[in-house]
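Scroll down for the structure; my scribbles are underneath it.
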Amino acid sequence: TPVILDDALVYSDDDRIEKMFDALHRQAKDQQIIVFSCRQRAFQRLGGHSLQMSDWRPRSA
């Protein structure tokens with residue numbers, strides 16, 4: 001079962017975010033971690049894959 005965080009750290013200070021990142025790195029070795037966040041720069045250091053949303057366009061027939 002993956003761990004899903006939806007902006008769980010948005011109001012955390014820098015020290016708490018650093019500690020949480022360390023914990024997430026440890027868990028990511030054995031478990032999938034999915035993080036949804038509006039703080040893109042803060043979470044870039046976690047690594048992993050970043051997904052981007054785009055407008056849907058139907059395929060041409």
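By convention in this document, the chains of the structure tokens carry letters A, B, ... by their order, each chain's residues are numbered from 1, and ligands are numbered from 1 in the order they are shown.
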Where does DSSP see strand (DSSP E) in chain A, if you list the residues as a PyMOL selection string?
-> chain A and resi 3-6+33-36
Would you mind listing what lies within 12 Å of stretch 52-56 of chain A as a short mmCIF file (atom, residue, chain, number, x, y, z; two decimals) with C-alpha atoms, in the first residue's frame, with only C-alpha atoms counted and same-chain residues fewer than 6 positions away left out?
```
data_model
loop_
_atom_site.label_atom_id
_atom_site.label_comp_id
_atom_site.auth_asym_id
_atom_site.auth_seq_id
_atom_site.Cartn_x
_atom_site.Cartn_y
_atom_site.Cartn_z
CA PHE A 36 0.74 16.02 -3.72
CA SER A 37 1.90 19.56 -3.00
CA CYS A 38 1.67 23.11 -4.22
CA GLN A 40 7.16 22.40 -5.96
#
```
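By only C-alpha atoms, and with residues fewer than 3 positions from A:Arg45 along its chain excluded, the set lying at most 12 Å from it is Ile17, Glu18, Phe21, Asp22, Leu24, His25, Arg39, Gln40, Arg41, Ala42, Gly48, His49 and Ser50 of chain A.
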Please, which residues of chain A, numbered as in this document, come out helix (DSSP H, G or I) from DSSP, as a list in words?
->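 Secondary structure check on chain A, helix (DSSP H, G or I): Asp14, Asp15, Arg16, Ile17, Glu18, Lys19, Met20, Phe21, Asp22, Ala23, Leu24, His25, Arg26, Gln27, Ala28, Gln40, Arg41, Ala42, Phe43 and Gln44 of chain A.
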Using only C-alpha atoms: which of A:Ser60, A:Gln32, A:Gln44, A:Gln27 has the shortest distance to A:Pro2 |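 Looking at the shortest contact to A:Pro2, the residue is A:Gln32.
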Minimum-distance residue to A:Lys19, chosen among A:Leu51, A:Pro58, A:Leu46, A:Thr1 (using only C-alpha atoms) = A:Leu46
